[in-house]
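Below you'll find the structure, written out as structure tokens, and then a few comments.
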Amino acid sequence: MTLVEIEQLLDQSFVAAKGALSGARNAAELEAARVQFLGQKGFIQAAKKSVGQLTVVDEKKRAGKLCNDRDRELQEAYQHNLSRIEQQDRAAALAERIDVTLPGRRSRRGRRHPLTTTCDDILAVLAGLGFQPAEGPEVEHDFYNFEALNMPSDHPARDMQDTFYVDAGARNDVVLRTHTSPVQARTMLASGKPPIRVSCFGRVYRKDDDPTHSPMFHQIEGIYVDKEVTFADLKGTLQLFAERIFAPGVKIRMRPSFFPFTEPSVEVDVSCVACGGIGHGGSSAADDGRCRICKGTGFLEIMGAGMVDPEVFRACKLDPDAVTGFAFGIGIERVALLRYGIADIRLLYENDERFLSQFVG
Ligand code: FA5
């Protein structure tokens with residue numbers, strides 16, 4: 001082909017090619033146009049081959065440039081239409097998937113765990129009675145967990161709480177705290193000056209595992225130290241606490257007990273809210289008629305308490321002749337079992353949505 005023929009070919013076919021590439025309405029039409037005009041047998045390739053046969057250098061340059069310009073312009077038209085068609089296809093696919101007549105999906109709202117609610121409520125009641133929040137470590141020294149609480153290393157009372165020891169190299173005096181009472185000792189040692197009135201919430205650990213005992217559970221400790229604090233103050237505080245947490249008129253029962261760090265000591269039971277303290281019948285009754293929550297006794301133990309032992313005051317650098325005080329340790333899980341009528345403590349840790357969704361909080 002001569003230069004003139006090449007130019008004619010490029011001009012004539014260009015208009016048709018651009019129309020086809022820009023006007024294709026779908027992917028199939030566009031692909032057909034691409035093969036026809038830009039493929040190996042298309043006019044651009046034919047023109048390029050002819051350019052190679054031209055002998056005059058100037059003519060070769062001119063024809064070569066024209067070929068490249070036409071080629072680029074058509075490639076651009078192709079790409080532009082390709083993007084448009086792809087976008088159009090995506091939108092069509094999406095439109096097919098969205099069915100605006102379908103009912104909406106309800107989004108589930110999170111709610112507080114019954115243990116969190118119970119704990120927050122107890123701390124709020126104690127705060128109302130003047131107890132300031134305090135904290136202590138879960139990995140505790142033997143000294144605070146036992147020694148300062150009147151339990152030297154050979155004291156048999158250490159066996160009351162089966163302890164997890166922490167592997168701390170050469171030291172064998174580090175434990176996972178078995179109760180929140182070490183915070184009593186820490187607070188008295190740190191403050192040194194009554195009046196002291198604190199509450200401490202936290203996890204505690206024991207080698208226990210059954211429907212009412214968990215190896216990890218939560219306690220809230222309360223301690224009040226001042227001049228002339230009496231057992232009557234302890235009783236009044238706990239009665240008020242029980243009425244605010246459970247229901248007005250709920251009964252508390254104090255049974256003589258023993259803790260090395262309090263004297264006298266008591267275990268405190270609350271009348272069962274599920275069976276009204278009768279021990280049987282009603283919705284909480286098991287197959288044998290006995291209440292599943294209190295096991296037919298009408299009461300559930302929720303805490304240990306007592307008057308701070310003079311030995312503890314001495315270990316904490318306070319004068320037992322000048323001050324007195326009371327302390328109590330509440331089992332949060334037990335309070336939650338009683339409050340919500342839950343028969344097995346392990347349900348509280350399973351994170352089963354069907355169980356947890358029953359609690360509004
Ligand atoms: C104590 O832990 C004492 N530190 C409480 C105390 C504090 C007494 C201050 C005097 C003065 P006790 O071992 O009884 O006491 O535990 C207290 C409460 O924790 C129990 O009444 C019970 O409600 C709860 N509890 C005990 N063991 C478990 C367990 N394994 N799982 C769930 N709750 C438990």
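Each chain in the structure tokens gets a letter, A, B, ..., in the order shown, and its residues are numbered from 1; ligands are numbered from 1 in order too.
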
Could you list the protein, DNA and RNA residues that have any atom within 6 Å of ligand 1, counting only C-alpha atoms and all ligand atoms, and write them as a compact mmCIF listing (two decimals) with C-alpha atoms, in the first residue's frame?
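And here's part09.txt as it stands now:
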# COMPACT_ATOMS: atom_id res chain seq x y z
CA HIS A 179 -10.88 -14.14 99.13
CA SER A 181 -10.12 -10.03 102.68
CA ASP A 208 -13.93 -25.80 94.22
CA THR A 212 -22.96 -23.70 94.00
CA HIS A 213 -19.14 -23.50 94.07
CA SER A 214 -16.98 -22.27 91.23
CA PRO A 215 -13.14 -22.33 91.05
CA PHE A 217 -15.88 -16.46 91.66
CA PHE A 259 -12.85 -16.97 110.60
CA THR A 262 -12.85 -11.94 112.92
CA GLU A 301 -25.58 -18.45 102.60
CA ILE A 302 -24.26 -15.35 100.89
CA MET A 303 -21.45 -14.08 103.08
CA GLY A 304 -19.07 -14.41 105.98
CA ALA A 305 -18.71 -11.55 108.46
CA GLY A 306 -17.57 -10.60 111.92
CA ALA A 327 -15.83 -6.79 108.02
CA PHE A 328 -17.84 -8.91 105.64
CA GLY A 329 -17.18 -10.82 102.41
CA ILE A 330 -20.15 -11.27 100.06
CA GLY A 331 -20.27 -14.00 97.39
CA GLU A 333 -22.58 -15.36 92.45
CA ARG A 334 -24.67 -16.53 95.42

(Q) Could you list, as a list in words, every residue within 12 Å of Ser83 of chain A, counting only C-alpha atoms and ignoring same-chain residues fewer than 3 positions away? (A)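 The residues that qualify are Ser22, Ala24, Arg25, Asn26, Ala27, Leu30, Glu76, Ala77, Tyr78, Gln79, His80, Glu86, Gln87, Gln88, Asp89 and Arg90 of chain A.
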
Segment 151-155 of chain A surroundings by only C-alpha atoms, 8 Å radius, close-in-sequence under 5 positions cut, as a compact mmCIF listing (two decimals) with N, CA and C atoms, in the first residue's frame:
# COMPACT_ATOMS: atom_id res chain seq x y z
N PHE A 146 -3.09 -14.50 104.00
CA PHE A 146 -3.19 -15.34 105.20
C PHE A 146 -2.56 -14.71 106.45
N PRO A 260 -10.46 -16.81 111.14
CA PRO A 260 -9.35 -16.43 112.00
C PRO A 260 -9.19 -14.92 112.13
N PHE A 261 -9.76 -14.18 111.15
CA PHE A 261 -9.55 -12.73 111.15
C PHE A 261 -10.70 -11.95 111.77

Q | helix (DSSP H, G or I) residues, from DSSP on the backbone, in segment 59-235 of chain A, as a PyMOL selection string | A | chain A and resi 59-97+114-128+142-145+147-149+156-160+182-191+231-235

Pick out the residues sitting within 12 Å of segment 119-125 of chain A, and hand them over as a PDB file with N, CA and C atoms, in the first residue's frame; count only C-alpha atoms, and ignore anything fewer than 3 positions along from it in its own chain.
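Just written: part-v7.pdb:
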ATOM      1  N   ARG A 112     -26.392  -5.985  80.143  1.00  0.00           N
ATOM      2  CA  ARG A 112     -25.408  -6.295  81.172  1.00  0.00           C
ATOM      3  C   ARG A 112     -25.584  -7.710  81.697  1.00  0.00           C
ATOM      4  N   HIS A 113     -24.468  -8.338  81.997  1.00  0.00           N
ATOM      5  CA  HIS A 113     -24.478  -9.686  82.555  1.00  0.00           C
ATOM      6  C   HIS A 113     -25.085  -9.624  83.964  1.00  0.00           C
ATOM      7  N   PRO A 114     -25.876 -10.660  84.370  1.00  0.00           N
ATOM      8  CA  PRO A 114     -26.501 -10.588  85.705  1.00  0.00           C
ATOM      9  C   PRO A 114     -25.479 -10.405  86.828  1.00  0.00           C
ATOM     10  N   LEU A 115     -24.254 -10.917  86.620  1.00  0.00           N
ATOM     11  CA  LEU A 115     -23.235 -10.713  87.670  1.00  0.00           C
ATOM     12  C   LEU A 115     -22.814  -9.250  87.756  1.00  0.00           C
ATOM     13  N   THR A 116     -22.701  -8.616  86.578  1.00  0.00           N
ATOM     14  CA  THR A 116     -22.318  -7.195  86.558  1.00  0.00           C
ATOM     15  C   THR A 116     -23.401  -6.358  87.221  1.00  0.00           C
ATOM     16  N   GLY A 128     -23.808   4.134  99.162  1.00  0.00           N
ATOM     17  CA  GLY A 128     -24.822   4.933  99.866  1.00  0.00           C
ATOM     18  C   GLY A 128     -24.627   4.885 101.375  1.00  0.00           C
ATOM     19  N   LEU A 129     -23.980   3.814 101.854  1.00  0.00           N
ATOM     20  CA  LEU A 129     -23.732   3.686 103.296  1.00  0.00           C
ATOM     21  C   LEU A 129     -22.342   4.229 103.671  1.00  0.00           C
ATOM     22  N   GLY A 130     -21.669   4.835 102.704  1.00  0.00           N
ATOM     23  CA  GLY A 130     -20.393   5.501 103.002  1.00  0.00           C
ATOM     24  C   GLY A 130     -19.148   4.676 102.727  1.00  0.00           C
ATOM     25  N   PHE A 131     -19.298   3.485 102.095  1.00  0.00           N
ATOM     26  CA  PHE A 131     -18.117   2.655 101.797  1.00  0.00           C
ATOM     27  C   PHE A 131     -17.465   3.139 100.489  1.00  0.00           C
ATOM     28  N   GLN A 132     -16.195   3.500 100.590  1.00  0.00           N
ATOM     29  CA  GLN A 132     -15.449   3.976  99.408  1.00  0.00           C
ATOM     30  C   GLN A 132     -14.861   2.784  98.671  1.00  0.00           C
ATOM     31  N   PRO A 133     -14.855   2.778  97.331  1.00  0.00           N
ATOM     32  CA  PRO A 133     -14.271   1.636  96.618  1.00  0.00           C
ATOM     33  C   PRO A 133     -12.747   1.561  96.785  1.00  0.00           C
ATOM     34  N   ALA A 134     -12.247   0.321  96.945  1.00  0.00           N
ATOM     35  CA  ALA A 134     -10.791   0.092  97.039  1.00  0.00           C
ATOM     36  C   ALA A 134     -10.454  -1.111  96.167  1.00  0.00           C
ATOM     37  N   VAL A 198     -14.300   0.982 103.561  1.00  0.00           N
ATOM     38  CA  VAL A 198     -14.089   0.705 102.136  1.00  0.00           C
ATOM     39  C   VAL A 198     -14.835  -0.557 101.698  1.00  0.00           C
ATOM     40  N   SER A 199     -15.079  -0.620 100.380  1.00  0.00           N
ATOM     41  CA  SER A 199     -15.627  -1.840  99.771  1.00  0.00           C
ATOM     42  C   SER A 199     -14.670  -2.229  98.652  1.00  0.00           C
ATOM     43  N   CYS A 200     -14.497  -3.526  98.472  1.00  0.00           N
ATOM     44  CA  CYS A 200     -13.601  -3.961  97.397  1.00  0.00           C
ATOM     45  C   CYS A 200     -14.236  -5.102  96.632  1.00  0.00           C
ATOM     46  N   PHE A 201     -14.341  -4.915  95.318  1.00  0.00           N
ATOM     47  CA  PHE A 201     -14.905  -5.972  94.470  1.00  0.00           C
ATOM     48  C   PHE A 201     -13.771  -6.665  93.723  1.00  0.00           C
ATOM     49  N   GLY A 202     -13.873  -7.983  93.518  1.00  0.00           N
ATOM     50  CA  GLY A 202     -12.856  -8.629  92.680  1.00  0.00           C
ATOM     51  C   GLY A 202     -13.050 -10.123  92.554  1.00  0.00           C
ATOM     52  N   ARG A 203     -12.205 -10.698  91.669  1.00  0.00           N
ATOM     53  CA  ARG A 203     -12.232 -12.153  91.463  1.00  0.00           C
ATOM     54  C   ARG A 203     -11.407 -12.838  92.534  1.00  0.00           C
ATOM     55  N   PHE A 217     -14.620 -17.146  91.398  1.00  0.00           N
ATOM     56  CA  PHE A 217     -15.878 -16.463  91.655  1.00  0.00           C
ATOM     57  C   PHE A 217     -15.581 -15.035  92.115  1.00  0.00           C
ATOM     58  N   HIS A 218     -16.621 -14.294  92.462  1.00  0.00           N
ATOM     59  CA  HIS A 218     -16.422 -12.873  92.798  1.00  0.00           C
ATOM     60  C   HIS A 218     -16.898 -12.588  94.218  1.00  0.00           C
ATOM     61  N   GLN A 219     -16.168 -11.750  94.878  1.00  0.00           N
ATOM     62  CA  GLN A 219     -16.595 -11.329  96.215  1.00  0.00           C
ATOM     63  C   GLN A 219     -16.574  -9.801  96.292  1.00  0.00           C
ATOM     64  N   ILE A 220     -17.359  -9.297  97.240  1.00  0.00           N
ATOM     65  CA  ILE A 220     -17.202  -7.885  97.615  1.00  0.00           C
ATOM     66  C   ILE A 220     -16.912  -7.871  99.111  1.00  0.00           C
ATOM     67  N   GLU A 221     -15.831  -7.239  99.444  1.00  0.00           N
ATOM     68  CA  GLU A 221     -15.425  -7.130 100.837  1.00  0.00           C
ATOM     69  C   GLU A 221     -15.865  -5.767 101.349  1.00  0.00           C
ATOM     70  N   GLY A 222     -16.327  -5.743 102.579  1.00  0.00           N
ATOM     71  CA  GLY A 222     -16.614  -4.448 103.191  1.00  0.00           C
ATOM     72  C   GLY A 222     -15.897  -4.396 104.523  1.00  0.00           C
ATOM     73  N   THR A 237     -26.224  -2.878 109.254  1.00  0.00           N
ATOM     74  CA  THR A 237     -25.722  -2.655 107.891  1.00  0.00           C
ATOM     75  C   THR A 237     -26.151  -3.800 106.977  1.00  0.00           C
ATOM     76  N   LEU A 238     -26.004  -5.032 107.479  1.00  0.00           N
ATOM     77  CA  LEU A 238     -26.317  -6.182 106.618  1.00  0.00           C
ATOM     78  C   LEU A 238     -27.814  -6.330 106.372  1.00  0.00           C
ATOM     79  N   GLN A 239     -28.622  -5.998 107.373  1.00  0.00           N
ATOM     80  CA  GLN A 239     -30.084  -6.068 107.182  1.00  0.00           C
ATOM     81  C   GLN A 239     -30.516  -5.059 106.105  1.00  0.00           C
ATOM     82  N   LEU A 240     -29.960  -3.862 106.209  1.00  0.00           N
ATOM     83  CA  LEU A 240     -30.283  -2.811 105.225  1.00  0.00           C
ATOM     84  C   LEU A 240     -29.830  -3.234 103.826  1.00  0.00           C
ATOM     85  N   PHE A 241     -28.602  -3.786 103.787  1.00  0.00           N
ATOM     86  CA  PHE A 241     -28.038  -4.257 102.519  1.00  0.00           C
ATOM     87  C   PHE A 241     -28.987  -5.295 101.882  1.00  0.00           C
ATOM     88  N   ALA A 242     -29.434  -6.287 102.699  1.00  0.00           N
ATOM     89  CA  ALA A 242     -30.279  -7.370 102.176  1.00  0.00           C
ATOM     90  C   ALA A 242     -31.611  -6.825 101.657  1.00  0.00           C
ATOM     91  N   GLU A 243     -32.186  -5.873 102.398  1.00  0.00           N
ATOM     92  CA  GLU A 243     -33.482  -5.343 101.974  1.00  0.00           C
ATOM     93  C   GLU A 243     -33.358  -4.557 100.670  1.00  0.00           C
ATOM     94  N   ARG A 244     -32.236  -3.840 100.526  1.00  0.00           N
ATOM     95  CA  ARG A 244     -32.075  -3.043  99.295  1.00  0.00           C
ATOM     96  C   ARG A 244     -31.754  -3.936  98.098  1.00  0.00           C
ATOM     97  N   ILE A 245     -31.020  -5.025  98.335  1.00  0.00           N
ATOM     98  CA  ILE A 245     -30.600  -5.861  97.209  1.00  0.00           C
ATOM     99  C   ILE A 245     -31.691  -6.867  96.829  1.00  0.00           C
ATOM    100  N   PHE A 246     -32.403  -7.415  97.819  1.00  0.00           N
ATOM    101  CA  PHE A 246     -33.420  -8.431  97.507  1.00  0.00           C
ATOM    102  C   PHE A 246     -34.818  -7.812  97.518  1.00  0.00           C
ATOM    103  N   GLY A 329     -17.566 -10.433 103.774  1.00  0.00           N
ATOM    104  CA  GLY A 329     -17.182 -10.821 102.413  1.00  0.00           C
ATOM    105  C   GLY A 329     -18.373 -11.474 101.734  1.00  0.00           C
ATOM    106  N   ILE A 330     -18.913 -10.796 100.718  1.00  0.00           N
ATOM    107  CA  ILE A 330     -20.147 -11.267 100.065  1.00  0.00           C
ATOM    108  C   ILE A 330     -19.800 -12.069  98.813  1.00  0.00           C
ATOM    109  N   GLY A 331     -20.434 -13.224  98.634  1.00  0.00           N
ATOM    110  CA  GLY A 331     -20.267 -13.998  97.394  1.00  0.00           C
ATOM    111  C   GLY A 331     -21.249 -13.477  96.351  1.00  0.00           C
ATOM    112  N   ILE A 332     -20.731 -12.825  95.303  1.00  0.00           N
ATOM    113  CA  ILE A 332     -21.625 -12.176  94.322  1.00  0.00           C
ATOM    114  C   ILE A 332     -22.466 -13.195  93.567  1.00  0.00           C
ATOM    115  N   GLU A 333     -21.838 -14.337  93.196  1.00  0.00           N
ATOM    116  CA  GLU A 333     -22.584 -15.358  92.454  1.00  0.00           C
ATOM    117  C   GLU A 333     -23.786 -15.834  93.256  1.00  0.00           C
ATOM    118  N   ARG A 334     -23.561 -16.046  94.576  1.00  0.00           N
ATOM    119  CA  ARG A 334     -24.669 -16.532  95.418  1.00  0.00           C
ATOM    120  C   ARG A 334     -25.809 -15.513  95.449  1.00  0.00           C
ATOM    121  N   VAL A 335     -25.454 -14.254  95.510  1.00  0.00           N
ATOM    122  CA  VAL A 335     -26.492 -13.210  95.531  1.00  0.00           C
ATOM    123  C   VAL A 335     -27.260 -13.249  94.210  1.00  0.00           C
ATOM    124  N   ALA A 336     -26.498 -13.426  93.091  1.00  0.00           N
ATOM    125  CA  ALA A 336     -27.159 -13.465  91.773  1.00  0.00           C
ATOM    126  C   ALA A 336     -28.069 -14.696  91.676  1.00  0.00           C
ATOM    127  N   ARG A 339     -31.162 -13.869  93.690  1.00  0.00           N
ATOM    128  CA  ARG A 339     -31.942 -12.766  93.127  1.00  0.00           C
ATOM    129  C   ARG A 339     -32.721 -13.174  91.900  1.00  0.00           C
ATOM    130  N   GLY A 361     -31.025  -5.575  81.844  1.00  0.00           N
ATOM    131  CA  GLY A 361     -30.117  -4.819  82.708  1.00  0.00           C
ATOM    132  C   GLY A 361     -29.189  -3.933  81.959  1.00  0.00           C
TER     133      GLY A 361
END

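Note that atom CA of Arg34 of chain A and atom CA of Phe14 of chain A are 12.6 Å apart.
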
Q) Which is closest to Glu138 of chain A among A:Leu82, A:Tyr205, A:Asp99, A:Glu5, if we use only C-alpha atoms? A)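 Distance minimum relative to Glu138 of chain A lands on A:Tyr205.
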
Q. Among segment 52-225 of chain A, which ones does DSSP place in strand (DSSP E or B), written as a PyMOL selection string?
A. chain A and resi 132-134+139-141+165+168+171+174-176+196-205+210+213+216-225

Serialized selection, N, CA, C and O atoms, as a CSV table (one decimal), in the first residue's frame:
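What landed in result-v5.csv:
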chain,number,residue,atom,x,y,z
A,132,GLN,N,-16.2,3.5,100.6
A,132,GLN,CA,-15.4,4.0,99.4
A,132,GLN,C,-14.9,2.8,98.7
A,132,GLN,O,-14.3,1.9,99.3
A,133,PRO,N,-14.9,2.8,97.3
A,133,PRO,CA,-14.3,1.6,96.6
A,133,PRO,C,-12.7,1.6,96.8
A,133,PRO,O,-12.1,2.6,96.8
A,134,ALA,N,-12.2,0.3,96.9
A,134,ALA,CA,-10.8,0.1,97.0
A,134,ALA,C,-10.5,-1.1,96.2
A,134,ALA,O,-11.3,-1.9,95.8
A,139,VAL,N,-3.3,-11.7,92.1
A,139,VAL,CA,-2.1,-12.5,92.5
A,139,VAL,C,-1.5,-11.9,93.7
A,139,VAL,O,-1.0,-10.7,93.7
A,140,GLU,N,-1.6,-12.6,94.8
A,140,GLU,CA,-1.4,-11.9,96.1
A,140,GLU,C,-0.3,-12.6,96.9
A,140,GLU,O,0.0,-13.8,96.7
A,141,HIS,N,0.3,-11.8,97.8
A,141,HIS,CA,1.3,-12.4,98.7
A,141,HIS,C,0.6,-13.2,99.8
A,141,HIS,O,-0.4,-12.8,100.3
A,165,TYR,N,-1.5,-22.1,94.3
A,165,TYR,CA,-0.2,-21.4,94.5
A,165,TYR,C,0.3,-21.1,93.1
A,165,TYR,O,0.1,-21.8,92.1
A,168,ALA,N,6.3,-19.0,91.2
A,168,ALA,CA,7.0,-17.7,91.2
A,168,ALA,C,8.5,-18.0,91.4
A,168,ALA,O,9.1,-17.4,92.3
A,171,ARG,N,10.3,-18.3,95.0
A,171,ARG,CA,9.3,-18.0,96.1
A,171,ARG,C,8.2,-19.0,96.1
A,171,ARG,O,7.7,-19.4,95.0
A,174,VAL,N,3.4,-17.0,96.8
A,174,VAL,CA,2.5,-16.2,96.0
A,174,VAL,C,1.3,-17.0,95.7
A,174,VAL,O,1.5,-18.2,95.2
A,175,VAL,N,0.1,-16.5,95.9
A,175,VAL,CA,-1.1,-17.3,95.7
A,175,VAL,C,-2.1,-16.5,94.8
A,175,VAL,O,-1.9,-15.3,94.6
A,176,LEU,N,-3.0,-17.2,94.2
A,176,LEU,CA,-4.2,-16.5,93.6
A,176,LEU,C,-5.1,-16.3,94.8
A,176,LEU,O,-5.4,-17.2,95.6
A,196,ILE,N,-12.0,4.1,108.7
A,196,ILE,CA,-11.8,3.5,107.4
A,196,ILE,C,-13.1,2.8,107.1
A,196,ILE,O,-13.6,2.0,107.8
A,197,ARG,N,-13.6,3.1,105.9
A,197,ARG,CA,-14.8,2.4,105.4
A,197,ARG,C,-14.7,2.2,103.9
A,197,ARG,O,-14.9,3.1,103.1
A,198,VAL,N,-14.3,1.0,103.6
A,198,VAL,CA,-14.1,0.7,102.1
A,198,VAL,C,-14.8,-0.6,101.7
A,198,VAL,O,-15.2,-1.4,102.5
A,199,SER,N,-15.1,-0.6,100.4
A,199,SER,CA,-15.6,-1.8,99.8
A,199,SER,C,-14.7,-2.2,98.7
A,199,SER,O,-14.1,-1.4,98.0
A,200,CYS,N,-14.5,-3.5,98.5
A,200,CYS,CA,-13.6,-4.0,97.4
A,200,CYS,C,-14.2,-5.1,96.6
A,200,CYS,O,-14.6,-6.1,97.2
A,201,PHE,N,-14.3,-4.9,95.3
A,201,PHE,CA,-14.9,-6.0,94.5
A,201,PHE,C,-13.8,-6.7,93.7
A,201,PHE,O,-12.8,-6.0,93.3
A,202,GLY,N,-13.9,-8.0,93.5
A,202,GLY,CA,-12.9,-8.6,92.7
A,202,GLY,C,-13.1,-10.1,92.6
A,202,GLY,O,-13.9,-10.7,93.2
A,203,ARG,N,-12.2,-10.7,91.7
A,203,ARG,CA,-12.2,-12.2,91.5
A,203,ARG,C,-11.4,-12.8,92.5
A,203,ARG,O,-10.4,-12.3,92.9
A,204,VAL,N,-11.9,-14.0,92.9
A,204,VAL,CA,-11.1,-14.8,93.9
A,204,VAL,C,-11.1,-16.3,93.4
A,204,VAL,O,-11.9,-16.6,92.5
A,205,TYR,N,-10.2,-17.1,93.9
A,205,TYR,CA,-9.9,-18.4,93.3
A,205,TYR,C,-9.8,-19.5,94.4
A,205,TYR,O,-9.1,-19.3,95.3
A,210,ASP,N,-18.7,-27.2,91.9
A,210,ASP,CA,-20.0,-27.9,91.9
A,210,ASP,C,-21.1,-26.9,91.6
A,210,ASP,O,-20.8,-25.7,91.4
A,213,HIS,N,-20.5,-23.9,93.8
A,213,HIS,CA,-19.1,-23.5,94.1
A,213,HIS,C,-18.4,-23.5,92.8
A,213,HIS,O,-18.4,-24.5,92.0
A,216,MET,N,-13.4,-20.1,90.2
A,216,MET,CA,-13.2,-18.6,90.2
A,216,MET,C,-14.6,-18.0,90.4
A,216,MET,O,-15.6,-18.4,89.8
A,217,PHE,N,-14.6,-17.1,91.4
A,217,PHE,CA,-15.9,-16.5,91.7
A,217,PHE,C,-15.6,-15.0,92.1
A,217,PHE,O,-14.4,-14.6,92.1
A,218,HIS,N,-16.6,-14.3,92.5
A,218,HIS,CA,-16.4,-12.9,92.8
A,218,HIS,C,-16.9,-12.6,94.2
A,218,HIS,O,-17.9,-13.2,94.7
A,219,GLN,N,-16.2,-11.7,94.9
A,219,GLN,CA,-16.6,-11.3,96.2
A,219,GLN,C,-16.6,-9.8,96.3
A,219,GLN,O,-15.9,-9.1,95.5
A,220,ILE,N,-17.4,-9.3,97.2
A,220,ILE,CA,-17.2,-7.9,97.6
A,220,ILE,C,-16.9,-7.9,99.1
A,220,ILE,O,-17.6,-8.5,99.9
A,221,GLU,N,-15.8,-7.2,99.4
A,221,GLU,CA,-15.4,-7.1,100.8
A,221,GLU,C,-15.9,-5.8,101.3
A,221,GLU,O,-15.8,-4.8,100.6
A,222,GLY,N,-16.3,-5.7,102.6
A,222,GLY,CA,-16.6,-4.4,103.2
A,222,GLY,C,-15.9,-4.4,104.5
A,222,GLY,O,-15.8,-5.4,105.2
A,223,ILE,N,-15.3,-3.3,104.8
A,223,ILE,CA,-14.7,-3.1,106.2
A,223,ILE,C,-14.9,-1.7,106.7
A,223,ILE,O,-14.9,-0.8,106.0
A,224,TYR,N,-15.3,-1.7,108.0
A,224,TYR,CA,-15.5,-0.4,108.7
A,224,TYR,C,-14.8,-0.4,110.0
A,224,TYR,O,-15.0,-1.3,110.8
A,225,VAL,N,-13.9,0.5,110.1
A,225,VAL,CA,-13.0,0.5,111.4
A,225,VAL,C,-13.1,2.0,111.9
A,225,VAL,O,-12.9,2.9,111.2

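For the residues A:Ile293, A:Leu300, A:Ser283, A:Cys67, ranking by smallest atom-to-atom distance to Pro211 of chain A using only C-alpha atoms places A:Ile293 first.
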
**Q.** Residue with smallest distance to Arg70 of chain A - pool A:Glu31, A:Gly104, A:Glu7, A:Gln36, counting only C-alpha atoms
**A.**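 Going through A:Glu31, A:Gly104, A:Glu7, A:Gln36 one by one, the smallest distance to Arg70 of chain A is for A:Glu7.
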
Q. Neighbours of His280 of chain A within 7 Å (only C-alpha atoms; same-chain residues fewer than 4 positions away dropped), as JSON, numbers by chain?
A. {"A": [275, 285, 289, 290, 291, 296]}
